[in-house]
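Presented below is the structure to which this report refers.
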Amino acid sequence: MKTYDDPELQAIAIKLTSDDPGIRRVAVMDLVDSGEPEAVELVIQALQDPDTNVRQEAAKVVDEFEAEDMADALISALNDSDEVVRNSAAHALADLKDPAAAEPLLKALENSTDSFVVSGILRALKPLRNPGSQSPALLRLDDPDPQVRREAVGVIGWLKQPENLPALVKTAKHDIDPDVRRAATGALVYANPQQVGQPLVSLLKDEHWQVRCEAANSISKLDHQAAAPALMEATKDDLWQVREKAVDALGKLGVVEAIPVLGECSKDSMSNLRKAAIGALGTIAHNDGRPYVVTALDDPDPDVRKLARWAISKLDAAA
């Protein structure tokens, strides 16, 4: 056993060699309070402990330490036989955000076939924005596991490279999993309307409502003014959640032509949609919207009435 200069750390190291797994587990918790850089070695040792509870405890505390060496240990822990350890390692990897971890992560990704492991590695690579992750992430867009494809979309979106847009558009429009399509739709916001505007408009008619919501949200972030007619049509969607997102987008885009449509939405039976409509009318702040906002001052929902008063102030300021 290695000898440590710090007496406290040495005492913890001795506990980690105990035959009693309960003592070893307590030793892991003591490592968090030690504050010594060398404690990382003992955490890595605990991640390989034969007792599941000890490994679980080690996996829970790894995010308290910042060290390049930790990446390899966490990648190994993704293959642990215990689900709690695997999940904790995956979360810890995502929180590591150490650029030095990119190399071992990419190496592990190249050699990994387990979907859970691949997903965890991709999630950890996303915030690092390492150029080397582009090719493997693009390849994983065809993975049979939807979770892997979702994480691959995240990596590609964070890289913000124009050459990746065709692959993201294809995924947003054609992936069989709605969560993957939704992720890809949201990832398109780093482009410009000329590049992805038309695909986003078509996604307002996706069969899954969450994709339609995400499309409306992305359109507003891109300030895609040409999408206004499609958004106005989306205010008639069967689901109020989609109508709400379309109304929000019209407000953020400042579409004056949409005021009559927004006025109709301000009378909807769903209070959330009424709030969105009054908020949009206040954001546009055009006097044509005033009659709808004034009517909303008597709305049965106090939140709508409060928002109507705010919208009146915006209209008055604009006037």
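Please note that chains go A, B, ... in the order of the structure tokens, that every chain numbers its residues from 1, and that ligands are numbered from 1 in the order shown.
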
Any idea what's packed within 12 Å of Leu74 in chain A, counting only C-alpha atoms, ignoring anything in its chain fewer than 5 positions away? Could you give it as a ChimeraX atom specification? /A:40,43-48,55-56,58-63,65,67-69,79-80,85-96,101,104-105,108,117,120-121,124

Correct to one decimal, the distance CA of Gly22 in chain A-CA of Ala77 in chain A is 20.4 Å

Find the residues around Glu244 in chain A up to 8 Å (only C-alpha atoms counted), leave out those fewer than 6 positions away in its own chain, and share them as a list in words. Thr235, Asn272, Leu273, Ala276 and Ala277 of chain A

I want to know what sits within 7 Å of range 192-194 of chain A, based on only C-alpha atoms, with residues of the same chain fewer than 3 positions away left out; could you give that as a count of residues only? 3

Would you pick out the contacts of range 255-260 of chain A at 10 Å or less, using only C-alpha atoms, so that residues sharing its chain but fewer than 2 positions from it are not included, and give the list as a PyMOL selection string? chain A and resi 225+228-229+231-232+247+249-253+262-266+277+280-281+283-290+292

Closest of A:Leu297, A:Ala137, A:Asp303, A:Gly282 to Asp316 in chain A - atom-to-atom distances counting only C-alpha atoms: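 Under the stated criterion, the closest residue is A:Gly282.
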
Distance query range 167-179 of chain A at most 7 Å, only C-alpha atoms, self and fewer than 6 positions along chain excluded, as an MDAnalysis selection string: chainID A and resid 146 185 199 203 208 211

Those residues you just picked out, can you put them in a file as an mmCIF file, in the first residue's frame with all heavy atoms?
data_model
loop_
_atom_site.group_PDB
_atom_site.id
_atom_site.type_symbol
_atom_site.label_atom_id
_atom_site.label_comp_id
_atom_site.auth_asym_id
_atom_site.auth_seq_id
_atom_site.Cartn_x
_atom_site.Cartn_y
_atom_site.Cartn_z
ATOM 1 N N PRO A 146 -31.936 4.481 -30.129
ATOM 2 C CA PRO A 146 -32.328 5.894 -30.201
ATOM 3 C C PRO A 146 -31.607 6.778 -29.195
ATOM 4 O O PRO A 146 -31.361 7.962 -29.471
ATOM 5 C CB PRO A 146 -33.837 5.864 -29.940
ATOM 6 C CG PRO A 146 -34.104 4.551 -29.280
ATOM 7 C CD PRO A 146 -33.082 3.610 -29.815
ATOM 8 N N THR A 185 -34.113 18.789 -34.328
ATOM 9 C CA THR A 185 -34.805 20.046 -34.647
ATOM 10 C C THR A 185 -34.281 21.183 -33.781
ATOM 11 O O THR A 185 -34.036 22.295 -34.262
ATOM 12 C CB THR A 185 -36.325 19.879 -34.445
ATOM 13 O OG1 THR A 185 -36.803 18.826 -35.279
ATOM 14 C CG2 THR A 185 -37.063 21.161 -34.771
ATOM 15 N N PRO A 199 -36.899 23.361 -43.950
ATOM 16 C CA PRO A 199 -37.102 22.126 -43.168
ATOM 17 C C PRO A 199 -37.829 22.380 -41.853
ATOM 18 O O PRO A 199 -38.680 21.578 -41.459
ATOM 19 C CB PRO A 199 -35.672 21.623 -42.926
ATOM 20 C CG PRO A 199 -34.878 22.173 -44.055
ATOM 21 C CD PRO A 199 -35.483 23.512 -44.351
ATOM 22 N N LEU A 203 -41.387 20.819 -40.448
ATOM 23 C CA LEU A 203 -41.461 20.100 -39.176
ATOM 24 C C LEU A 203 -42.606 20.599 -38.290
ATOM 25 O O LEU A 203 -42.953 19.951 -37.310
ATOM 26 C CB LEU A 203 -40.128 20.221 -38.434
ATOM 27 C CG LEU A 203 -38.986 19.393 -39.043
ATOM 28 C CD1 LEU A 203 -37.643 19.837 -38.482
ATOM 29 C CD2 LEU A 203 -39.199 17.913 -38.790
ATOM 30 N N HIS A 208 -45.483 14.061 -34.539
ATOM 31 C CA HIS A 208 -45.361 14.093 -33.077
ATOM 32 C C HIS A 208 -45.415 15.544 -32.585
ATOM 33 O O HIS A 208 -44.688 16.410 -33.071
ATOM 34 C CB HIS A 208 -44.062 13.442 -32.628
ATOM 35 C CG HIS A 208 -44.052 13.069 -31.175
ATOM 36 N ND1 HIS A 208 -43.716 13.960 -30.193
ATOM 37 C CD2 HIS A 208 -44.356 11.908 -30.541
ATOM 38 C CE1 HIS A 208 -43.804 13.370 -29.011
ATOM 39 N NE2 HIS A 208 -44.188 12.127 -29.197
ATOM 40 N N VAL A 211 -42.171 17.479 -31.512
ATOM 41 C CA VAL A 211 -41.336 17.929 -32.624
ATOM 42 C C VAL A 211 -41.903 19.227 -33.190
ATOM 43 O O VAL A 211 -41.155 20.164 -33.505
ATOM 44 C CB VAL A 211 -41.245 16.846 -33.716
ATOM 45 C CG1 VAL A 211 -40.417 17.352 -34.901
ATOM 46 C CG2 VAL A 211 -40.625 15.567 -33.161
#

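Among the candidate residues A:Ser112, A:Glu207, A:Asp72, A:Glu83, the one lying nearest to Ala100 in chain A is A:Asp72, with distances computed using only C-alpha atoms.
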